[in-house]
Amino acid sequence: MNDRNTNGAAWVRQIVGVAASSILLTLMQAPYDLHYLAWAAWVPFVLACTPTVRRRGLLLLVYLIAFGHWLFNLSWLWQVTEAGYIVFALYQALYWPAVAMAVRFVRGRNWPLTLCVPAIVVGAEAIQGVLFGGFNWFFLAHSQYRQLELIQICDIFGALGVSVLVALVNGLIADGAMEYTLRRRLGWGFAKKAMLTMVCLWAAAGYGFYRIRQTPQFISDSPIIGAVQPNVPSHVKEEIENAQEILDAMIVDSQACIDAGAALVAWPETMVLATMNPGYLMYCRDDSQPRRFSRQILEHAAAGRAYILFGAHAAKVGDDLTIVDQFNSAYLYKPDGTPDLRRYDKIHLVPFGEYIPFHKTAPRLYRWILSLSPYDYDYNLTAGDDFTIFDIDAEGRHWRFGVLICYEDTHPTVTRRMVVAADGTKRADWLVNLSNDGWYVRFADGKVIPSAELAQRTAISVFRCIENRIAIVRSVNTGISCVIDTTGRIRDGFMAGSLPREAMRRQGVSGWLTDRAPIDSRVTLFSRYGRRLDALLGAAFVWLLLRATTERFWKRSKQRDVQ
């Protein structure tokens with residue numbers, strides 16, 4: 001009976017520990033912004049993964065809680081794809097048992113958690129950021145997006161450098177809790193770990209103060225840029241009869257930007273509901289919607305003497321006049337009333353949102369997922385392969401900028417390659433993020449109700465700016481449209497506009513803004529060398545996981561050798 005009670009109490013502790021970490025990891029992220037919770041968020045989880053409990057039971061428990069964690073935190077995906085939402089939550093939940101197995105392994109060997117927790121937790125983040133296209137979301141670093149002095153190290157290490165700092169403190173607290181439980185005191189070994197952690201934190205903060213302080217000497221201003229923010233839920237946008245009304249409303253706000261001095265005005269992703277590339281338009285009748293929309297936007301650009309950057313689809317037409325490939329694209333129309341012959345086709349497509357995996361490898365699974373998608377047709381898009389840079393002339397100068405469409409602003413490698421050429425020189429003066437976050441809002445009682453996704457996306461964009469010392473101008477349907485400067489500051493206010501002054505309140509509203517983006521001449525180490533730290537941490541995590549999974553095999557081998 002005592003053993004049964006002891007085992008029951010142990011499992012209660014495991015459940016409470018893992019669940020507590022789930023709650024802390026949720027609350028630390030935007031929009032809750034309880035960033036200080038991140039510094040201890042993984043501690044209950046680490047303490048729960050004791051080697052004294054059965055591994056199989058622990059891993060099952062962790063997976064079930066992780067599945068619930070991701071169901072809650074990815075709930076904004078439900079409105080886009082029910083099947084993809086469930087499948088993706090099931091997949092994301094796999095990382096937690098892997099983390100639990102590695103933690104249990106290092107605890108069984110009494111290795112210092114101050115060093116091991118960063119390798120395990122941030123190593124798992126590194127794998128999550130590249131596996132199956134990568135999902136660079138819900139990292140420890142993202143909780144600190146407002147702590148500008150601390151996160152400037154991203155221009156050396158990338159966002160995961162900040163995650164390492166936060167994980168160091170988590171590991172230190174776990175080490176201290178375990179040592180105090182065993183000895184009722186903290187010894188010299190803990191003091192050394194604490195000193196190492198403090199040195200890392202002070203070095204990061206000192207570097208951050210230095211980089212922010214030196215920034216003004218490297219900054220010049222862009223021409224005035226406008227950003228239009230419609231507030232159209234995607235179930236409304238997808239109705240083709242609303243296309244003309246949506247376009248007309250964007251032109252009204254775009255004209256307001258031009259009247260306020262904008263030389264370039266950005267409209268969100270796919271808000272022009274037509275296929276707009278010349279190779280497709282040439283097959284359209286003169287009175288067709290794509291042709292009418294093209295003329296209307298060109299006339300608007302010419303009348304306002306401004307560049308119009310907008311998102312729409314592109315299509316490749318085959319010899320038999322069927323659509324061969326479809327793209328999610330960005331177009332630039334010029335002040336002389338002609339289209340730029342270049343376009344940018346989105347490179348990093350979203351699984352289940354812009355294409356369905358398993359098309360050729362598992363056709364039955366593919367058809368089942370397609371039947372549960374928000375579309376009644378095969379909506380697979382083709383990925384682009386050219387990091388297009390657009391050129392404009394304004395205010396007596398020549399300028400260059402790149403475009404990130406939708407979630408590409410969460411992807412470090414895509415952003416880095418857009419900014420820096422192979423020879424290490426900067427290709428772009430600033431970036432524009434065109435996005436349609438109308439997929440992730442609800443519509444009730446005539447009002448658009450935003451989800452957590454809008455604030456989280458904006459917070460993640462901060463790290464792309466610091467990593468490459470590049471400003472991002474965001475034009476996002478339903479929000480958040482804003483300018484993020486090269487130190488990662490999300491700018492409140494603007495030169496002119498109708499949106500709320502506080503950037504993070506620009507959710508579920510329509511309007512426009514104009515401002516100048518800072519142009520930073522610095523080329524960072526991260527821009528030159530990329531995600532080296534991610535690779536190192538990912539390899540360390542995989543090594544620990546392999547050691548943990550083969551632990552029993554090595555024990556049996558040693559026993560056979562002794563016999």
# chains A, B, ... in the order shown; residues from 1 in each chain; ligands from 1
>>> closest_atom_pairs(of="region 401-494 of chain A", to="region 127-149 of chain A", cutoff="7 Å", atoms="only C-alpha atoms", output="CSV")
residue,atom,partner,partner_atom,distance
A:Thr410,CA,A:Asn136,CA,6.0
A:His411,CA,A:Asn136,CA,6.4
A:Ala459,CA,A:Tyr145,CA,5.9
A:Ile460,CA,A:His142,CA,6.0
A:Val462,CA,A:Tyr145,CA,6.6
A:Gly488,CA,A:Leu148,CA,6.8
>>> closest_atom_pairs(of="region 175-291 of chain A", to="region 303-311 of chain A", cutoff="12 Å", atoms="only C-alpha atoms", output="JSON lines")
{"residue": "A:Pro223", "atom": "CA", "partner": "A:Ala306", "partner_atom": "CA", "distance": 11.3}
{"residue": "A:Ile224", "atom": "CA", "partner": "A:Ala306", "partner_atom": "CA", "distance": 10.6}
{"residue": "A:Ile225", "atom": "CA", "partner": "A:Tyr307", "partner_atom": "CA", "distance": 9.6}
{"residue": "A:Gly226", "atom": "CA", "partner": "A:Ile308", "partner_atom": "CA", "distance": 9.4}
{"residue": "A:Ala227", "atom": "CA", "partner": "A:Leu309", "partner_atom": "CA", "distance": 9.6}
{"residue": "A:Val228", "atom": "CA", "partner": "A:Phe310", "partner_atom": "CA", "distance": 9.9}
{"residue": "A:Gln229", "atom": "CA", "partner": "A:Phe310", "partner_atom": "CA", "distance": 11.8}
{"residue": "A:Leu247", "atom": "CA", "partner": "A:Phe310", "partner_atom": "CA", "distance": 10.7}
{"residue": "A:Met250", "atom": "CA", "partner": "A:Phe310", "partner_atom": "CA", "distance": 10.2}
{"residue": "A:Ile251", "atom": "CA", "partner": "A:Ile308", "partner_atom": "CA", "distance": 9.9}
{"residue": "A:Val252", "atom": "CA", "partner": "A:Gly304", "partner_atom": "CA", "distance": 11.5}
{"residue": "A:Ser254", "atom": "CA", "partner": "A:Ile308", "partner_atom": "CA", "distance": 8.4}
{"residue": "A:Gln255", "atom": "CA", "partner": "A:Gly304", "partner_atom": "CA", "distance": 7.1}
{"residue": "A:Ala256", "atom": "CA", "partner": "A:Gly304", "partner_atom": "CA", "distance": 10.0}
{"residue": "A:Cys257", "atom": "CA", "partner": "A:Gly304", "partner_atom": "CA", "distance": 9.7}
{"residue": "A:Ile258", "atom": "CA", "partner": "A:Gly304", "partner_atom": "CA", "distance": 6.3}
{"residue": "A:Asp259", "atom": "CA", "partner": "A:Gly304", "partner_atom": "CA", "distance": 8.0}
{"residue": "A:Ala260", "atom": "CA", "partner": "A:Gly304", "partner_atom": "CA", "distance": 11.0}
{"residue": "A:Gly261", "atom": "CA", "partner": "A:Ala306", "partner_atom": "CA", "distance": 9.2}
{"residue": "A:Ala262", "atom": "CA", "partner": "A:Ala306", "partner_atom": "CA", "distance": 7.2}
{"residue": "A:Ala263", "atom": "CA", "partner": "A:Ala306", "partner_atom": "CA", "distance": 4.9}
{"residue": "A:Leu264", "atom": "CA", "partner": "A:Tyr307", "partner_atom": "CA", "distance": 4.6}
{"residue": "A:Val265", "atom": "CA", "partner": "A:Ile308", "partner_atom": "CA", "distance": 5.1}
{"residue": "A:Ala266", "atom": "CA", "partner": "A:Leu309", "partner_atom": "CA", "distance": 4.7}
{"residue": "A:Trp267", "atom": "CA", "partner": "A:Phe310", "partner_atom": "CA", "distance": 4.7}
{"residue": "A:Pro268", "atom": "CA", "partner": "A:Gly311", "partner_atom": "CA", "distance": 5.8}
{"residue": "A:Glu269", "atom": "CA", "partner": "A:Gly311", "partner_atom": "CA", "distance": 4.1}
{"residue": "A:Thr270", "atom": "CA", "partner": "A:Gly311", "partner_atom": "CA", "distance": 4.4}
{"residue": "A:Met271", "atom": "CA", "partner": "A:Gly311", "partner_atom": "CA", "distance": 6.2}
{"residue": "A:Val272", "atom": "CA", "partner": "A:Gly311", "partner_atom": "CA", "distance": 6.4}
{"residue": "A:Leu273", "atom": "CA", "partner": "A:Gly311", "partner_atom": "CA", "distance": 8.9}
{"residue": "A:Ala274", "atom": "CA", "partner": "A:Gly311", "partner_atom": "CA", "distance": 9.7}
{"residue": "A:Thr275", "atom": "CA", "partner": "A:Gly311", "partner_atom": "CA", "distance": 9.9}
{"residue": "A:Met276", "atom": "CA", "partner": "A:Gly311", "partner_atom": "CA", "distance": 9.3}
{"residue": "A:Asn277", "atom": "CA", "partner": "A:Gly311", "partner_atom": "CA", "distance": 11.2}
>>> residues_around(residues="Ser75 (chain A)", least_positions_apart="6", cutoff="10 Å", atoms="only C-alpha atoms", output="list in words")
His69, Glu82, Tyr85, Ile86, Ala89, Tyr440, Ser451, Ala452 and Glu453 of chain A
>>> atom_distance(atom1="CA of Gly84 (chain A)", atom2="CA of Gly479 (chain A)")
23.5 Å
>>> residues_around(residues="Trp202 (chain A)", least_positions_apart="6", cutoff="12 Å", atoms="only C-alpha atoms", output="PyMOL selection string")
chain A and resi 149-150+153+165+195-196+208-209
>>> closest_residue(among="A:Ala383, A:Ile323, A:Leu431, A:Met282", to="Thr415 (chain A)", atoms="only C-alpha atoms")
A:Leu431
>>> residues_around(residues="Glu179 (chain A)", least_positions_apart="6", cutoff="10 Å", atoms="only C-alpha atoms", output="list in words")
Ile173, Arg185, Leu186, Gly187, Gly189 and Phe190 of chain A
>>> atom_distance(atom1="CA of Ser220 (chain A)", atom2="CA of Ile519 (chain A)")
5.2 Å
>>> atom_distance(atom1="CA of Gly8 (chain A)", atom2="CA of Ala548 (chain A)")
25.2 Å
>>> residues_around(residues="region 298-300 of chain A", least_positions_apart="2", cutoff="7 Å", atoms="only C-alpha atoms", output="PyMOL selection string")
chain A and resi 294-296+302-304+333+337-338
>>> write_last_selection(atoms="C-alpha atoms", output="mmCIF file, in the first residue's frame")
data_model
loop_
_atom_site.group_PDB
_atom_site.id
_atom_site.type_symbol
_atom_site.label_atom_id
_atom_site.label_comp_id
_atom_site.auth_asym_id
_atom_site.auth_seq_id
_atom_site.Cartn_x
_atom_site.Cartn_y
_atom_site.Cartn_z
ATOM 1 C CA SER A 294 -4.772 45.581 -63.620
ATOM 2 C CA ARG A 295 -5.924 48.729 -65.424
ATOM 3 C CA GLN A 296 -7.460 50.149 -62.243
ATOM 4 C CA ALA A 302 -0.004 56.830 -62.492
ATOM 5 C CA ALA A 303 -2.496 59.327 -61.050
ATOM 6 C CA GLY A 304 -0.743 59.349 -57.693
ATOM 7 C CA TYR A 333 3.274 48.840 -60.438
ATOM 8 C CA GLY A 337 1.532 53.517 -65.273
ATOM 9 C CA THR A 338 3.419 50.366 -66.255
#
>>> closest_atom_pairs(of="region 466-516 of chain A", to="region 29-52 of chain A", cutoff="12 Å", atoms="only C-alpha atoms", output="tab-separated table")
residue	atom	partner	partner_atom	distance
A:Met504	CA	A:Pro31	CA	8.9
A:Arg505	CA	A:Pro31	CA	10.6
A:Gln507	CA	A:Pro31	CA	11.3
>>> residues_around(residues="Glu408 (chain A)", least_positions_apart="6", cutoff="9 Å", atoms="only C-alpha atoms", output="VMD selection string")
chain A and resid 346 to 349 414 to 415 433
>>> write_last_selection(atoms="N, CA and C atoms", output="compact mmCIF listing (two decimals), in the first residue's frame")
# COMPACT_ATOMS: atom_id res chain seq x y z
N LYS A 346 6.36 33.65 -53.67
CA LYS A 346 6.66 33.18 -52.33
C LYS A 346 7.43 31.88 -52.35
N ILE A 347 8.52 31.84 -51.58
CA ILE A 347 9.42 30.69 -51.58
C ILE A 347 9.07 29.68 -50.50
N HIS A 348 8.76 30.18 -49.30
CA HIS A 348 8.50 29.29 -48.16
C HIS A 348 6.99 29.12 -47.99
N LEU A 349 6.46 28.05 -48.56
CA LEU A 349 5.02 27.81 -48.51
C LEU A 349 4.63 27.15 -47.19
N VAL A 414 15.20 32.39 -44.99
CA VAL A 414 14.58 33.12 -46.10
C VAL A 414 14.86 34.61 -45.97
N THR A 415 14.69 35.15 -44.77
CA THR A 415 14.94 36.58 -44.55
C THR A 415 16.39 36.93 -44.81
N ASN A 433 6.79 43.24 -45.55
CA ASN A 433 6.07 41.99 -45.28
C ASN A 433 4.61 42.18 -45.67
>>> closest_residue(among="A:Gly446, A:Gly402, A:Gly279, A:Gly176", to="Arg427 (chain A)", atoms="only C-alpha atoms")
A:Gly402
>>> closest_residue(among="A:Tyr280, A:Trp430, A:Tyr407, A:Trp439", to="Ala471 (chain A)", atoms="only C-alpha atoms")
A:Trp430
>>> select_by_dssp(residues="region 26-267 of chain A", states="helix (DSSP H, G or I)", output="PyMOL selection string")
chain A and resi 26-27+35-40+43-48+55-73+75-77+82-92+95-108+113-128+131-133+141-144+148-151+154-157+159-183+188-218+234-237+240-259
>>> closest_residue(among="A:Ala19, A:Val169, A:Leu434, A:Ala194", to="Cys406 (chain A)", atoms="only C-alpha atoms")
A:Leu434
>>> select_by_dssp(residues="region 343-549 of chain A", states="strand (DSSP E)", output="PyMOL selection string")
chain A and resi 343-345+389-394+397-405+430-436+441-444+447-450+472-477+482-484+496-497+511-520
